[in-house]
$ cat run.cif   # mmCIF, C-alpha atoms
data_target
#
loop_
_atom_site.label_atom_id
_atom_site.label_comp_id
_atom_site.auth_asym_id
_atom_site.auth_seq_id
_atom_site.Cartn_x
_atom_site.Cartn_y
_atom_site.Cartn_z
CA MET P 44 8.62 104.41 29.32
CA ALA P 45 5.79 105.75 31.47
CA GLU P 46 3.93 102.45 31.29
CA PHE P 47 7.00 100.40 32.15
CA LEU P 48 7.80 102.63 35.15
CA GLN P 49 4.21 102.66 36.37
CA ASN P 50 4.06 98.85 36.23
CA SER P 51 7.41 98.51 37.97
CA LEU P 52 7.35 97.27 41.56
CA PHE P 53 10.68 98.83 42.52
CA PHE P 54 11.10 102.05 40.55
CA GLY P 55 9.39 104.42 43.04
CA ALA P 56 11.11 103.19 46.18
CA PHE P 57 14.46 102.91 44.39
CA ALA P 58 14.21 106.43 42.95
CA SER P 59 13.15 107.85 46.35
CA ILE P 60 16.02 106.30 48.27
CA GLY P 61 18.48 107.14 45.49
CA ALA P 62 17.36 110.78 45.44
CA TYR P 63 17.63 110.92 49.23
CA MET P 64 21.17 109.51 49.20
CA LEU P 65 22.10 112.07 46.56
CA GLY P 66 20.67 114.70 48.89
CA VAL P 67 22.85 113.41 51.75
CA LEU P 68 25.95 113.58 49.52
CA ILE P 69 25.14 117.12 48.39
CA LYS P 70 24.49 118.23 51.97
CA ASN P 71 27.77 116.73 53.23
CA LYS P 72 29.66 118.37 50.39
CA LEU P 73 28.19 121.87 50.70
CA LYS P 74 27.14 121.98 54.38
CA LEU P 75 24.21 124.37 53.92
CA ALA P 76 21.09 123.94 56.11
CA ILE P 77 18.74 124.69 53.21
CA LEU P 78 20.21 121.69 51.34
CA ASN P 79 18.15 119.27 53.37
CA PRO P 80 18.20 115.68 51.97
CA LEU P 81 14.41 115.34 52.22
CA LEU P 82 13.87 118.61 50.32
CA ILE P 83 16.49 117.70 47.70
CA ALA P 84 14.90 114.28 47.17
CA ILE P 85 11.42 115.79 46.69
CA VAL P 86 12.68 118.52 44.33
CA LEU P 87 14.73 116.05 42.25
CA LEU P 88 11.81 113.63 41.88
CA ILE P 89 9.35 116.40 40.95
CA ALA P 90 11.89 117.74 38.43
CA PHE P 91 12.30 114.25 36.97
CA LEU P 92 8.54 113.75 36.57
CA ALA P 93 8.12 117.23 35.08
CA ALA P 94 11.08 116.85 32.68
CA PHE P 95 9.68 113.63 31.19
CA HIS P 96 6.00 114.73 31.42
CA LEU P 97 5.19 111.80 33.68
CA ASP P 98 2.11 111.64 35.93
CA TYR P 99 2.54 111.40 39.70
CA GLU P 100 1.04 107.88 39.54
CA VAL P 101 3.97 106.68 37.42
CA TYR P 102 6.12 107.25 40.49
CA SER P 103 3.61 106.75 43.31
CA GLU P 104 2.43 103.26 42.27
CA SER P 105 5.70 101.75 43.44
CA ALA P 106 6.72 104.49 45.92
CA ALA P 107 3.62 103.68 47.99
CA TYR P 108 5.52 100.74 49.52
CA LEU P 109 7.51 103.34 51.47
CA SER P 110 4.37 105.10 52.74
CA TYR P 111 3.07 101.71 53.89
CA LEU P 112 5.74 101.64 56.62
CA LEU P 113 4.67 105.01 58.05
CA THR P 114 2.18 103.62 60.58
CA PRO P 115 4.53 100.95 62.01
CA ALA P 116 7.36 103.52 62.13
CA THR P 117 5.15 106.00 64.02
CA VAL P 118 4.17 103.25 66.47
CA CYS P 119 7.89 102.66 67.07
CA LEU P 120 8.37 106.28 68.19
CA ALA P 121 7.15 104.88 71.53
CA VAL P 122 10.58 103.23 71.95
CA PRO P 123 12.75 106.39 72.22
CA LEU P 124 9.95 107.94 74.26
CA TYR P 125 10.01 105.00 76.68
CA GLN P 126 13.78 105.30 76.97
CA GLN P 127 13.31 108.94 78.04
CA LEU P 128 10.49 108.22 80.48
CA GLU P 129 12.38 109.75 83.41
CA THR P 130 12.78 113.03 81.51
CA LEU P 131 9.07 112.92 80.75
CA LYS P 132 8.08 112.34 84.38
CA LYS P 133 10.46 114.97 85.73
CA ASN P 134 9.31 117.71 83.32
CA TRP P 135 5.67 116.88 82.75
CA VAL P 136 4.34 120.28 83.89
CA ALA P 137 6.68 122.13 81.53
CA ILE P 138 5.83 119.67 78.74
CA VAL P 139 2.06 120.10 79.06
CA CYS P 140 2.36 123.92 79.37
CA GLY P 141 4.73 124.17 76.40
CA ILE P 142 2.72 122.03 73.97
CA ALA P 143 -0.61 123.61 75.00
CA ALA P 144 0.77 127.16 74.70
CA GLY P 145 2.38 126.44 71.31
CA THR P 146 -0.74 124.78 69.92
CA VAL P 147 -3.05 127.60 71.01
CA ALA P 148 -0.58 130.23 69.72
CA GLY P 149 -0.57 128.40 66.38
CA LEU P 150 -4.37 128.34 66.12
CA GLY P 151 -4.47 132.00 67.21
CA SER P 152 -1.99 133.06 64.54
CA VAL P 153 -3.96 131.19 61.85
CA LEU P 154 -7.00 133.17 63.04
CA GLY P 155 -5.11 136.48 62.87
CA LEU P 156 -3.65 135.81 59.43
CA ALA P 157 -6.98 134.56 58.05
CA ALA P 158 -8.56 137.87 59.11
CA LEU P 159 -5.61 139.79 57.65
CA PHE P 160 -5.91 138.07 54.25
CA GLY P 161 -9.73 138.12 54.35
CA LEU P 162 -9.94 134.35 53.84
CA SER P 163 -13.29 132.59 53.64
CA HIS P 164 -14.41 130.43 56.61
CA GLU P 165 -13.75 127.35 54.49
CA GLU P 166 -10.15 128.46 53.84
CA TYR P 167 -9.66 129.41 57.50
CA VAL P 168 -10.63 125.96 58.84
CA THR P 169 -8.49 124.39 56.10
CA PHE P 170 -5.42 126.00 57.68
CA LEU P 171 -6.34 125.40 61.36
CA PRO P 172 -4.83 121.87 61.65
CA LYS P 173 -1.68 122.75 59.65
CA SER P 174 0.87 121.99 62.40
CA ILE P 175 -0.24 118.46 63.30
CA THR P 176 0.41 115.05 61.80
CA THR P 177 -1.28 114.42 58.43
CA ALA P 178 -3.71 111.71 59.46
CA ILE P 179 -5.17 113.72 62.38
CA GLY P 180 -5.05 117.01 60.45
CA MET P 181 -7.01 115.58 57.52
CA GLY P 182 -9.71 114.36 59.87
CA VAL P 183 -9.97 117.73 61.64
CA SER P 184 -10.13 119.64 58.34
CA GLN P 185 -12.83 117.33 57.00
CA GLU P 186 -14.91 117.59 60.15
CA LEU P 187 -14.78 121.41 60.16
CA GLY P 188 -15.65 121.61 56.46
CA GLY P 189 -12.19 122.49 55.13
CA ILE P 190 -10.55 121.59 51.82
CA THR P 191 -8.57 118.47 52.74
CA ALA P 192 -6.29 118.46 49.67
CA ILE P 193 -4.96 121.90 50.69
CA THR P 194 -4.71 120.89 54.37
CA VAL P 195 -2.55 117.89 53.44
CA ALA P 196 -0.30 120.01 51.18
CA VAL P 197 0.14 122.66 53.89
CA ILE P 198 0.86 120.05 56.56
CA ILE P 199 3.62 118.57 54.38
CA LEU P 200 5.05 122.01 53.55
CA THR P 201 5.02 122.81 57.28
CA GLY P 202 6.89 119.60 58.09
CA ILE P 203 9.55 120.21 55.44
CA GLN P 204 9.97 123.81 56.63
CA GLY P 205 10.37 122.66 60.25
CA ASN P 206 12.79 119.94 59.18
CA ILE P 207 14.98 122.44 57.31
CA MET P 208 14.80 125.39 59.71
CA ALA P 209 14.57 123.77 63.16
CA GLU P 210 18.24 123.86 64.08
CA GLY P 211 18.84 127.44 62.94
CA ILE P 212 15.65 128.81 64.49
CA LEU P 213 16.25 127.13 67.84
CA ARG P 214 19.74 128.60 67.96
CA LEU P 215 18.49 132.04 66.93
CA LEU P 216 15.78 131.98 69.62
CA ARG P 217 18.23 130.70 72.25
CA ILE P 218 16.15 127.63 73.00
CA THR P 219 18.83 125.39 74.48
CA GLU P 220 17.06 122.98 76.87
CA PRO P 221 16.89 119.61 75.01
CA VAL P 222 13.30 119.02 76.24
CA ALA P 223 12.20 122.45 74.98
CA ARG P 224 14.00 121.93 71.65
CA GLY P 225 12.30 118.59 71.00
CA LEU P 226 8.84 119.83 71.93
CA ALA P 227 9.26 122.97 69.80
CA VAL P 228 10.08 120.87 66.72
CA GLY P 229 7.39 118.22 67.28
CA THR P 230 4.61 120.69 68.09
CA SER P 231 5.37 122.93 65.09
CA ALA P 232 6.36 120.36 62.47
CA HIS P 233 4.94 116.96 63.54
CA ALA P 234 6.55 113.72 62.30
CA ILE P 235 8.54 115.26 59.43
CA GLY P 236 10.16 117.65 61.93
CA THR P 237 10.66 114.75 64.35
CA THR P 238 12.96 112.97 61.90
CA ARG P 239 15.22 116.03 62.22
CA ALA P 240 14.79 116.18 66.02
CA MET P 241 16.10 112.59 66.18
CA GLU P 242 19.36 113.87 64.69
CA LEU P 243 19.58 116.74 67.21
CA GLY P 244 19.69 114.34 70.16
CA GLU P 245 18.02 111.45 72.01
CA THR P 246 15.99 113.70 74.32
CA GLU P 247 15.01 115.97 71.41
CA GLY P 248 13.80 112.99 69.36
CA ALA P 249 11.76 111.50 72.19
CA MET P 250 10.15 114.81 73.16
CA SER P 251 9.35 115.59 69.53
CA SER P 252 7.63 112.18 69.23
CA LEU P 253 5.59 112.93 72.34
CA ALA P 254 4.58 116.32 70.94
CA ILE P 255 3.16 114.74 67.74
CA ALA P 256 0.59 112.83 69.78
CA VAL P 257 -0.17 115.49 72.42
CA ALA P 258 -0.34 118.48 70.03
CA GLY P 259 -2.49 116.41 67.66
CA LEU P 260 -4.98 115.56 70.39
CA ILE P 261 -5.11 119.13 71.80
CA THR P 262 -5.74 120.42 68.27
CA VAL P 263 -8.66 118.01 67.77
CA ALA P 264 -10.40 119.67 70.74
CA ALA P 265 -9.19 123.27 70.32
CA ALA P 266 -9.67 123.58 66.53
CA SER P 267 -13.42 123.01 66.82
CA ILE P 268 -13.58 125.91 69.33
CA PHE P 269 -11.40 128.14 67.11
CA ALA P 270 -13.58 127.31 64.09
CA GLY P 271 -16.36 129.34 65.71
CA PHE P 272 -14.22 132.50 65.99
CA TYR P 273 -14.14 133.48 62.31
CA MET M 222 14.16 84.68 64.85
CA LYS M 223 14.73 87.90 66.78
CA TYR M 224 13.59 90.08 63.84
CA ILE M 225 10.57 87.90 63.13
CA ARG M 226 9.31 88.34 66.69
CA GLN M 227 10.02 92.08 66.71
CA LEU M 228 8.24 92.57 63.39
CA LEU M 229 5.30 90.50 64.60
CA ILE M 230 4.88 92.68 67.70
CA ILE M 231 5.19 95.98 65.81
CA LEU M 232 2.68 94.90 63.16
CA ALA M 233 0.33 93.53 65.85
CA VAL M 234 0.34 96.90 67.64
CA SER M 235 -0.19 98.72 64.31
CA PHE M 236 -3.13 96.40 63.56
CA ALA M 237 -4.56 96.97 67.06
CA GLY M 238 -4.29 100.72 66.29
CA GLU M 239 -6.37 100.16 63.14
CA ILE M 240 -9.00 98.30 65.16
CA LEU M 241 -9.20 101.13 67.73
CA HIS M 242 -9.47 103.64 64.89
CA ALA M 243 -12.41 101.69 63.44
CA LEU M 244 -14.17 101.29 66.80
CA LEU M 245 -13.75 104.75 68.33
CA PRO M 246 -15.51 107.74 66.72
CA LEU M 247 -12.53 110.12 67.07
CA PRO M 248 -10.37 111.71 64.34
CA VAL M 249 -7.32 109.90 65.75
CA PRO M 250 -5.33 107.79 63.26
CA ALA M 251 -4.24 104.18 63.81
CA SER M 252 -0.61 105.28 64.13
CA ILE M 253 -1.29 107.46 67.19
CA TYR M 254 -3.40 104.77 68.92
CA GLY M 255 -0.53 102.39 68.16
CA LEU M 256 2.09 104.75 69.57
CA VAL M 257 0.15 105.17 72.84
CA LEU M 258 -0.55 101.44 73.03
CA MET M 259 3.12 100.55 72.44
CA LEU M 260 4.18 103.02 75.16
CA ALA M 261 1.60 101.55 77.57
CA LEU M 262 2.84 98.00 76.85
CA LEU M 263 6.46 99.01 77.51
CA MET M 264 5.59 100.98 80.67
CA SER M 265 3.48 98.16 82.11
CA GLY M 266 6.30 95.67 81.48
CA VAL M 267 4.14 93.45 79.25
CA LEU M 268 6.75 94.16 76.56
CA LYS M 269 10.44 94.53 77.28
CA LEU M 270 12.63 96.84 75.23
CA HIS M 271 14.50 93.90 73.64
CA HIS M 272 11.21 92.56 72.25
CA VAL M 273 11.06 95.44 69.73
CA ARG M 274 14.28 97.43 69.95
CA GLU M 275 16.35 96.71 66.78
CA THR M 276 13.42 96.66 64.34
CA ALA M 277 11.93 99.80 65.94
CA LEU M 278 15.22 101.67 65.62
CA PHE M 279 15.54 100.52 61.99
CA LEU M 280 12.07 101.86 61.14
CA ILE M 281 12.78 105.17 62.90
CA ASP M 282 16.12 105.45 61.09
CA ILE M 283 14.49 105.16 57.65
CA MET M 284 11.53 107.39 58.61
CA PRO M 285 12.62 110.45 56.53
CA LEU M 286 12.33 108.27 53.40
CA LEU M 287 8.72 107.47 54.19
CA PHE M 288 7.68 111.11 53.69
CA ILE M 289 9.16 111.43 50.19
CA PRO M 290 6.08 110.06 48.31
CA ALA M 291 3.78 112.52 50.14
CA GLY M 292 6.21 115.36 49.40
CA VAL M 293 6.36 114.52 45.69
CA GLY M 294 2.55 114.34 45.85
CA LEU M 295 2.55 118.11 46.34
CA ILE M 296 2.58 118.37 42.52
CA THR M 297 -0.96 116.99 42.45
CA ALA M 298 -2.09 119.76 44.84
CA TRP M 299 -0.61 122.52 42.69
CA SER M 300 -3.90 123.36 40.91
CA VAL M 301 -5.81 123.88 44.19
CA LEU M 302 -2.92 125.74 45.85
CA LYS M 303 -2.24 128.16 42.98
CA PRO M 304 -5.21 130.54 43.58
CA ILE M 305 -4.29 131.06 47.26
CA LEU M 306 -0.54 130.60 46.97
CA LEU M 307 0.57 133.82 48.70
CA PRO M 308 -1.58 133.44 51.86
CA THR M 309 -0.66 129.74 51.97
CA VAL M 310 3.08 130.40 51.90
CA ILE M 311 2.90 133.23 54.45
CA ILE M 312 0.60 131.33 56.84
CA THR M 313 2.80 128.24 56.62
CA LEU M 314 6.01 130.16 57.30
CA VAL M 315 4.70 132.45 60.06
CA VAL M 316 2.59 129.94 61.99
CA THR M 317 5.35 127.31 62.02
CA LEU M 318 7.79 129.86 63.48
CA VAL M 319 5.24 131.08 66.06
CA VAL M 320 4.48 127.54 67.26
CA MET M 321 8.17 126.64 67.45
CA ALA M 322 9.05 129.84 69.35
CA VAL M 323 6.13 129.72 71.82
CA THR M 324 6.44 126.00 72.58
CA GLY M 325 10.20 126.22 73.04
CA HIS M 326 10.22 129.34 75.20
CA VAL M 327 7.27 128.36 77.41
CA THR M 328 8.76 124.90 78.03
CA GLN M 329 12.19 126.36 78.72
CA ALA M 330 10.80 129.03 81.08
CA VAL M 331 8.80 126.48 83.11
CA ILE M 332 11.79 124.11 83.34
CA ARG M 333 14.06 126.91 84.54
CA LEU M 334 11.47 128.25 87.01
CA SER M 335 10.90 124.83 88.61
CA GLY M 336 14.66 124.16 88.55
CA ARG M 337 15.27 127.35 90.52
CA ARG M 338 12.59 126.41 93.04
CA HIS M 339 14.14 122.99 93.64
CA HIS M 340 17.74 124.15 93.85
CA GLY M 341 17.40 127.71 95.17
#

$ encode --input "run.cif" --output "structure tokens"
Amino acid sequence: MAEFLQNSLFFGAFASIGAYMLGVLIKNKLKLAILNPLLIAIVLLIAFLAAFHLDYEVYSESAAYLSYLLTPATVCLAVPLYQQLETLKKNWVAIVCGIAAGTVAGLGSVLGLAALFGLSHEEYVTFLPKSITTAIGMGVSQELGGITAITVAVIILTGIQGNIMAEGILRLLRITEPVARGLAVGTSAHAIGTTRAMELGETEGAMSSLAIAVAGLITVAAASIFAGFY
Amino acid sequence: MKYIRQLLIILAVSFAGEILHALLPLPVPASIYGLVLMLALLMSGVLKLHHVRETALFLIDIMPLLFIPAGVGLITAWSVLKPILLPTVIITLVVTLVVMAVTGHVTQAVIRLSGRRHHG
């Protein structure tokens, strides 16, 4: 079976979308925030592979067609952003302050926790780019001498966490301005969080998209400074 | 015809992003160059919204699906994560909350301060 599935052109994408739809059904039925369709899909697929002792490649060979669309889809985030250009122009000071403060606070808390856990320098720089989009984060980690496989895993875990918890956390923290909500999600949980921000509202989605790019670029500069602190 | 033209433009901008990524010595991926380029083209009026709109909204709509393969790929990282699992989980949880809280509150405070100045 493994060989047939690995040679299939459609299995991976079909199983991914099927698992996601199942996740949507479960979420609509039970209405719990933790039952996030993305999380359910990932857990179901991992459980499936583990149950039948199948390698990741059996699934990924044909699931890669989905990943292929990631760059064009990210490029298209410019469209909602363009539609919210007035919001961007009106609030640009708040936007720059918010993303910069959040990014520096993130790097600072990685520094604090690394010291607390007594991590090695290599492990510390591995975690520094954890809040930004995978492609930039991998590059930063590599440049600073981190372990990129762990950086990628942590970036994805961060995104899933942001995707699941965004709505509840924003409510708990009384962050109600749509611009602030979108930036908070995009700066903390990059593109995976942004897919959730899109569901929170048009302004939220656009601001979250903006934050992916701006937080990513600030981190490129700031992480190399922070790397010297520990 | 509409979708062919929209797809052509989106893939052209993605390809231009790849070219910029190859030419410029920065750790910026093709997707981010493409996003900025697409925004610049829309703002300058070279592209109109209807040149890309439906296909762009379709791709954004299916975007959660595109992260599933990477998420399932976490199983391949298990062996490297296992030795530092506890710090990894705590750092991930805490830092994500800190970034979300600080970004949200600073943005909200600045918006409300400038709002008061304009209206008060």

$ atom_distance --input "run.cif" --atom1 "atom CA of P:Gly149" --atom2 "atom CA of P:Val122"
28.1 Å

$ interface_residues --input "run.cif" --of "chain P" --to "chain M" --cutoff "6 Å" --atoms "all atoms listed in the file" --output "list in words"
Ile85, Ile89, Leu109, Ser110, Thr114, Pro115, Ala116, Thr117, Val118, Cys119, Ala121, Ala137, Gly141, Ile142, Gly145, Gly149, Ala178, Ile179, Gly182, Ala196, Thr201, Ala223, Arg224, Ala227, Ser231 and Thr238 of chain P

$ axis_aligned_box --input "run.cif" --around "stretch 94-112 of chain P" --padding-each-side "5 Å" --output "lines of an AutoDock Vina configuration file"
center_x = 6.1
center_y = 108.8
center_z = 43.9
size_x = 20.0
size_y = 26.1
size_z = 35.4

$ closest_residue --input "run.cif" --among "P:Gly66, P:Gly248, P:Gly55, P:Gly202" --to "P:Glu104" --atoms "all atoms listed in the file"
P:Gly55

$ atom_distance --input "run.cif" --atom1 "atom CA of P:Val183" --atom2 "atom CA of P:Val263"
6.3 Å

$ closest_residue --input "run.cif" --among "P:Val222, P:Leu162, P:Ala93, P:Ala107" --to "P:Asn134" --atoms "only C-alpha atoms"
P:Val222

$ build_atoms --input "run.cif" --residues "stretch 314-327 of chain M" --atoms "N, CA and C atoms" --output "compact mmCIF listing (two decimals), in the coordinates of the input"
# COMPACT_ATOMS: atom_id res chain seq x y z
N LEU M 314 4.74 129.68 56.72
CA LEU M 314 6.01 130.16 57.30
C LEU M 314 5.82 130.76 58.69
N VAL M 315 4.86 131.70 58.81
CA VAL M 315 4.70 132.45 60.06
C VAL M 315 4.22 131.54 61.19
N VAL M 316 3.18 130.76 60.91
CA VAL M 316 2.59 129.94 61.99
C VAL M 316 3.59 128.91 62.50
N THR M 317 4.37 128.31 61.60
CA THR M 317 5.35 127.31 62.02
C THR M 317 6.38 127.95 62.97
N LEU M 318 6.83 129.16 62.62
CA LEU M 318 7.79 129.86 63.48
C LEU M 318 7.17 130.23 64.82
N VAL M 319 5.92 130.70 64.81
CA VAL M 319 5.24 131.08 66.06
C VAL M 319 5.12 129.86 66.98
N VAL M 320 4.67 128.73 66.43
CA VAL M 320 4.48 127.54 67.26
C VAL M 320 5.82 127.08 67.83
N MET M 321 6.85 127.09 66.99
CA MET M 321 8.17 126.64 67.45
C MET M 321 8.68 127.56 68.57
N ALA M 322 8.54 128.87 68.37
CA ALA M 322 9.05 129.84 69.35
C ALA M 322 8.28 129.75 70.67
N VAL M 323 6.94 129.72 70.59
CA VAL M 323 6.13 129.72 71.82
C VAL M 323 6.33 128.41 72.59
N THR M 324 6.27 127.28 71.90
CA THR M 324 6.44 126.00 72.58
C THR M 324 7.81 125.94 73.26
N GLY M 325 8.84 126.30 72.50
CA GLY M 325 10.20 126.22 73.04
C GLY M 325 10.40 127.13 74.24
N HIS M 326 9.97 128.38 74.11
CA HIS M 326 10.22 129.34 75.20
C HIS M 326 9.39 129.05 76.43
N VAL M 327 8.11 128.67 76.24
CA VAL M 327 7.27 128.36 77.41
C VAL M 327 7.84 127.14 78.15
